[in-house]
Amino acid sequence: MGTIALNARFYSHAPTGMQRYGIEMAKRFSSDLHVVKPLVPLRGPEGHLWEQLYLPAASRGRLLWSPNNTGPVAVERQVCTIHDIIPLDRPEWFNARFSAWYRWLLPRLVRRVRHIIAVSEFTRQRLIDRLHVDPAKVTTVWNGVDQEFRPRSAAEIAAAKRDLGIDTDSYLLCVGSLEPRKNLPRLLDAWRSAMPGLPSDVHLVVAGRKPTGRVFAELKIDAPERVHFTGYVKQEQLPALYSGAVAMIYPSLYEGFGLPPLEAMACGTAVVTSNTTSLPEVVGSAALLVDPENTESISHAIRTIVLESATRDSLRAKGLVRAETFSWERCVRETRAILEAFA
């Protein structure tokens with residue numbers, strides 16, 4: 001496997017979503033890959049220039065694996081992991097420069113590389129339908145969930161809440177960067193509608209970093225009462241934060257996979273999520289599904305998950321079983337087989 005180079009530009013970014021995938025996979029491949037990364041963190045145009053101009057020479061003589069939606073167009077001997085094609089499907093969620101770059105890059109990249117790994121069957125089908133990729137050229141390999149995501153003790157939950165300034169024992173949790181596709185304005189409207197019918201000690205906790213304007217369109221937030229924004233939460237705090245929640249609420253408009261619902265299920269937390277894109281594929285029958293574009297659908301699910309303990313208990317049990325279907329070890333094993341086939 002030393003003949004395979006890893007495009008490790010993802011180390012320049014805070015570990016969310018795709019970056020988490022890259023880190024988890026690199027950790028498990030260990031020394032089997034030749035890791036190529038910038039000497040200093042590079043983001044934005046500088047990162048793209050490094051990837052397109054420096055990386056082809058640095059990886060020469062090896063198969064290149066680019067695990068995070070991008071890669072050098074000049075390199076044909078390459079396998080690329082595609083998580084989603086959101087900039088093509090929903091360019092209005094991004095600033096004009098970012099979406100224009102990916103509209104140029106992605107069609108050329110998927111035509112150029114030898115093989116594509118899609119993180120969900122939904123993403124695989126979007127590549128086939130939107131970019132006319134040959135179905136034989138793209139293989140679905142689901143993401144995994146780390147073993148650290150498991151039900152945590154009351155003491156660990158209390159410590160995480162204290163560190164994050166959460167002052168209630170009853171909270172619904174939404175995890176994800178505060179970008180347009182996460183659907184936060186509708187969630188807050190649904191919370192505002194549901195709140196009068198909920199116990200007064202139930203709060204909504206929103207955990208996620210506010211993104212930079214270099215990538216995403218501006219998101220206006222009008223927060224009602226009993227909503228707590230934690231900002232970015234470190235991965236080591238997430239299992240306890242999930243475990244302490246009454247339920248996880250994730251009404252995202254578009255996901256290429258959707259790690260937070262899976263992580264919540266692995267922590268024994270009931271999940272409410274969207275009935276669109278990849279999310280039903282990930283949660284199966286182990287979550288309460290909503291129409292993410294219908295505020296009343298989200299509001300009704302909030303009332304149900306808070307007020308109906310039997311529903312929560314059933315979803316917790318199903319979620320724990322469902323989460324066992326996913327592991328990074330399986331993901332590594334299936335990915336390794338693909339890389340070796342094209343090395």
# chains A, B, ... in the order shown; residues from 1 in each chain; ligands from 1
$ residues_around --residues "Leu63 (chain A)" --least-positions-apart "2" --cutoff "12 Å" --atoms "only C-alpha atoms" --output "PyMOL selection string"
chain A and resi 1-7+33-35+55-56+58-61+65-66+75-80+113-115+338-343
$ closest_atom_pairs --of "region 282-314 of chain A" --to "region 247-257 of chain A" --cutoff "8 Å" --atoms "only C-alpha atoms" --output "CSV"
residue,atom,partner,partner_atom,distance
A:Val282,CA,A:Phe257,CA,7.1
A:Val290,CA,A:Pro251,CA,7.2
A:Asp291,CA,A:Pro251,CA,7.8
A:Pro292,CA,A:Pro251,CA,5.2
A:Glu293,CA,A:Leu253,CA,7.5
A:Ile298,CA,A:Pro251,CA,7.4
A:Ile302,CA,A:Ile249,CA,7.9
A:Ile305,CA,A:Ala247,CA,7.0
A:Val306,CA,A:Ala247,CA,7.7
A:Arg312,CA,A:Ala247,CA,7.7
$ write_last_selection --atoms "N, CA and C atoms" --output "PDB file, in the first residue's frame"
ATOM      1  N   VAL A 282     -29.280   6.266   5.798  1.00  0.00           N
ATOM      2  CA  VAL A 282     -28.421   6.100   6.971  1.00  0.00           C
ATOM      3  C   VAL A 282     -29.208   5.604   8.180  1.00  0.00           C
ATOM      4  N   VAL A 290     -39.010  13.611   9.031  1.00  0.00           N
ATOM      5  CA  VAL A 290     -39.832  14.802   8.813  1.00  0.00           C
ATOM      6  C   VAL A 290     -39.574  15.363   7.425  1.00  0.00           C
ATOM      7  N   ASP A 291     -40.505  16.176   6.948  1.00  0.00           N
ATOM      8  CA  ASP A 291     -40.305  16.961   5.738  1.00  0.00           C
ATOM      9  C   ASP A 291     -39.528  18.215   6.146  1.00  0.00           C
ATOM     10  N   PRO A 292     -38.277  18.355   5.739  1.00  0.00           N
ATOM     11  CA  PRO A 292     -37.467  19.471   6.243  1.00  0.00           C
ATOM     12  C   PRO A 292     -37.914  20.835   5.727  1.00  0.00           C
ATOM     13  N   GLU A 293     -38.751  20.850   4.705  1.00  0.00           N
ATOM     14  CA  GLU A 293     -39.236  22.120   4.174  1.00  0.00           C
ATOM     15  C   GLU A 293     -40.588  22.509   4.756  1.00  0.00           C
ATOM     16  N   ILE A 298     -41.720  19.516  11.282  1.00  0.00           N
ATOM     17  CA  ILE A 298     -40.636  19.521  12.268  1.00  0.00           C
ATOM     18  C   ILE A 298     -41.191  19.785  13.665  1.00  0.00           C
ATOM     19  N   ILE A 302     -41.024  17.443  17.049  1.00  0.00           N
ATOM     20  CA  ILE A 302     -40.451  17.906  18.319  1.00  0.00           C
ATOM     21  C   ILE A 302     -41.398  17.589  19.467  1.00  0.00           C
ATOM     22  N   ILE A 305     -41.452  13.706  20.072  1.00  0.00           N
ATOM     23  CA  ILE A 305     -40.261  13.099  20.664  1.00  0.00           C
ATOM     24  C   ILE A 305     -40.075  13.522  22.113  1.00  0.00           C
ATOM     25  N   VAL A 306     -40.552  14.727  22.462  1.00  0.00           N
ATOM     26  CA  VAL A 306     -40.427  15.183  23.842  1.00  0.00           C
ATOM     27  C   VAL A 306     -41.505  14.579  24.729  1.00  0.00           C
ATOM     28  N   ARG A 312     -39.583   7.592  22.148  1.00  0.00           N
ATOM     29  CA  ARG A 312     -38.145   7.794  22.360  1.00  0.00           C
ATOM     30  C   ARG A 312     -37.445   6.482  22.681  1.00  0.00           C
TER      31      ARG A 312
END
$ select_by_dssp --residues "region 144-331 of chain A" --states "alpha helix (DSSP H)" --output "ChimeraX atom specification"
/A:154-164,184-194,238-243,259-266,279-283,295-307,309-323,328-331
$ residues_around --residues "His48 (chain A)" --least-positions-apart "6" --cutoff "9 Å" --atoms "only C-alpha atoms" --output "compact mmCIF listing (two decimals) with N, CA and C atoms, in the first residue's frame"
# COMPACT_ATOMS: atom_id res chain seq x y z
N LEU A 42 -3.28 25.28 4.51
CA LEU A 42 -3.66 26.11 3.36
C LEU A 42 -5.16 25.94 3.11
N THR A 70 -12.33 16.83 -3.64
CA THR A 70 -11.50 17.56 -4.59
C THR A 70 -10.29 16.72 -4.95
N GLY A 71 -9.57 17.18 -5.95
CA GLY A 71 -8.36 16.50 -6.37
C GLY A 71 -7.77 17.21 -7.56
N PRO A 72 -6.51 16.92 -7.89
CA PRO A 72 -5.88 17.57 -9.04
C PRO A 72 -6.41 17.00 -10.36
$ residues_around --residues "Met25 (chain A)" --least-positions-apart "2" --cutoff "10 Å" --atoms "only C-alpha atoms" --output "ChimeraX atom specification"
/A:19-23,27-30,67,143-144,328-329,331-332,335
$ select_by_dssp --residues "region 203-328 of chain A" --states "strand (DSSP E or B)" --output "list in words"
His203, Leu204, Val205, Val206, Ala207, Phe216, Val227, His228, Phe229, Thr230, Gly231, Ala247, Met248, Ile249, Tyr250, Val271, Val272, Thr273, Ser274, Leu288, Leu289 and Val290 of chain A
$ closest_residue --among "A:Arg226, A:Arg152, A:Arg181, A:His300" --to "Ala266 (chain A)" --atoms "only C-alpha atoms"
A:Arg152
$ residues_around --residues "region 123-135 of chain A" --least-positions-apart "6" --cutoff "12 Å" --atoms "only C-alpha atoms" --output "PyMOL selection string"
chain A and resi 69+81-86+88-89+103-117+141-142+254-258+277-279+281
$ write_last_selection --atoms "C-alpha atoms" --output "compact mmCIF listing (two decimals), in the first residue's frame"
# COMPACT_ATOMS: atom_id res chain seq x y z
CA ASN A 69 -14.43 15.90 -2.84
CA THR A 81 -14.02 10.00 -2.62
CA ILE A 82 -17.05 12.18 -3.37
CA HIS A 83 -19.25 13.03 -0.39
CA ASP A 84 -21.82 15.18 -2.19
CA ILE A 85 -22.31 17.51 -5.15
CA ILE A 86 -24.14 20.20 -3.18
CA LEU A 88 -23.80 21.87 -8.20
CA ASP A 89 -27.25 20.92 -6.93
CA ARG A 103 -18.97 23.79 -11.07
CA TRP A 104 -15.68 23.90 -12.99
CA LEU A 105 -13.81 21.27 -10.97
CA LEU A 106 -16.21 18.42 -10.24
CA PRO A 107 -17.30 17.53 -13.81
CA ARG A 108 -13.67 17.45 -14.96
CA LEU A 109 -12.44 15.54 -11.92
CA VAL A 110 -15.00 12.73 -12.12
CA ARG A 111 -14.28 12.27 -15.83
CA ARG A 112 -10.52 12.20 -15.26
CA VAL A 113 -10.00 9.87 -12.31
CA ARG A 114 -9.88 6.08 -12.55
CA HIS A 115 -12.55 5.40 -9.95
CA ILE A 116 -14.88 7.19 -7.55
CA ILE A 117 -15.95 6.20 -4.05
CA VAL A 141 -18.79 2.74 0.63
CA TRP A 142 -20.70 3.97 3.66
CA TYR A 254 -29.27 17.99 1.92
CA GLU A 255 -26.69 15.46 3.13
CA GLY A 256 -24.25 13.34 1.19
CA PHE A 257 -24.18 11.02 4.20
CA GLY A 258 -24.96 12.67 7.55
CA THR A 277 -31.31 12.86 0.29
CA SER A 278 -29.08 10.31 2.07
CA LEU A 279 -30.61 10.52 5.54
CA GLU A 281 -30.52 5.53 3.85
$ residues_around --residues "His228 (chain A)" --least-positions-apart "3" --cutoff "12 Å" --atoms "only C-alpha atoms" --output "ChimeraX atom specification"
/A:161,164-168,171-175,188,202-208,223-225,231
$ closest_residue --among "A:Leu49, A:Val227, A:Ala158, A:Leu320" --to "Val145 (chain A)" --atoms "only C-alpha atoms"
A:Leu320
$ residues_around --residues "Gln147 (chain A)" --least-positions-apart "3" --cutoff "12 Å" --atoms "only C-alpha atoms" --output "VMD selection string"
chain A and resid 24 144 150 to 152 236 239 262 to 263 266 to 267 323 to 324 326 to 329
$ write_last_selection --atoms "C-alpha atoms" --output "PDB file, in the first residue's frame"
ATOM      1  CA  GLU A  24     -10.662   8.670  10.613  1.00  0.00           C
ATOM      2  CA  GLY A 144     -18.456   4.570   9.770  1.00  0.00           C
ATOM      3  CA  ARG A 150     -21.420   5.142  22.807  1.00  0.00           C
ATOM      4  CA  PRO A 151     -23.758   5.940  25.725  1.00  0.00           C
ATOM      5  CA  ARG A 152     -21.870   7.967  28.336  1.00  0.00           C
ATOM      6  CA  GLU A 236     -14.198  14.353  22.398  1.00  0.00           C
ATOM      7  CA  PRO A 239     -20.496  11.586  22.758  1.00  0.00           C
ATOM      8  CA  LEU A 262     -25.478   8.092  13.055  1.00  0.00           C
ATOM      9  CA  GLU A 263     -23.300   9.242  15.957  1.00  0.00           C
ATOM     10  CA  ALA A 266     -24.635   5.036  18.484  1.00  0.00           C
ATOM     11  CA  CYS A 267     -24.864   7.037  21.738  1.00  0.00           C
ATOM     12  CA  ALA A 323     -25.522   2.043  14.317  1.00  0.00           C
ATOM     13  CA  GLU A 324     -23.814  -1.346  14.601  1.00  0.00           C
ATOM     14  CA  PHE A 326     -21.619   1.105  10.342  1.00  0.00           C
ATOM     15  CA  SER A 327     -17.932   0.969  11.275  1.00  0.00           C
ATOM     16  CA  TRP A 328     -14.765   2.677  10.103  1.00  0.00           C
ATOM     17  CA  GLU A 329     -13.087  -0.738  10.032  1.00  0.00           C
TER      18      GLU A 329
END
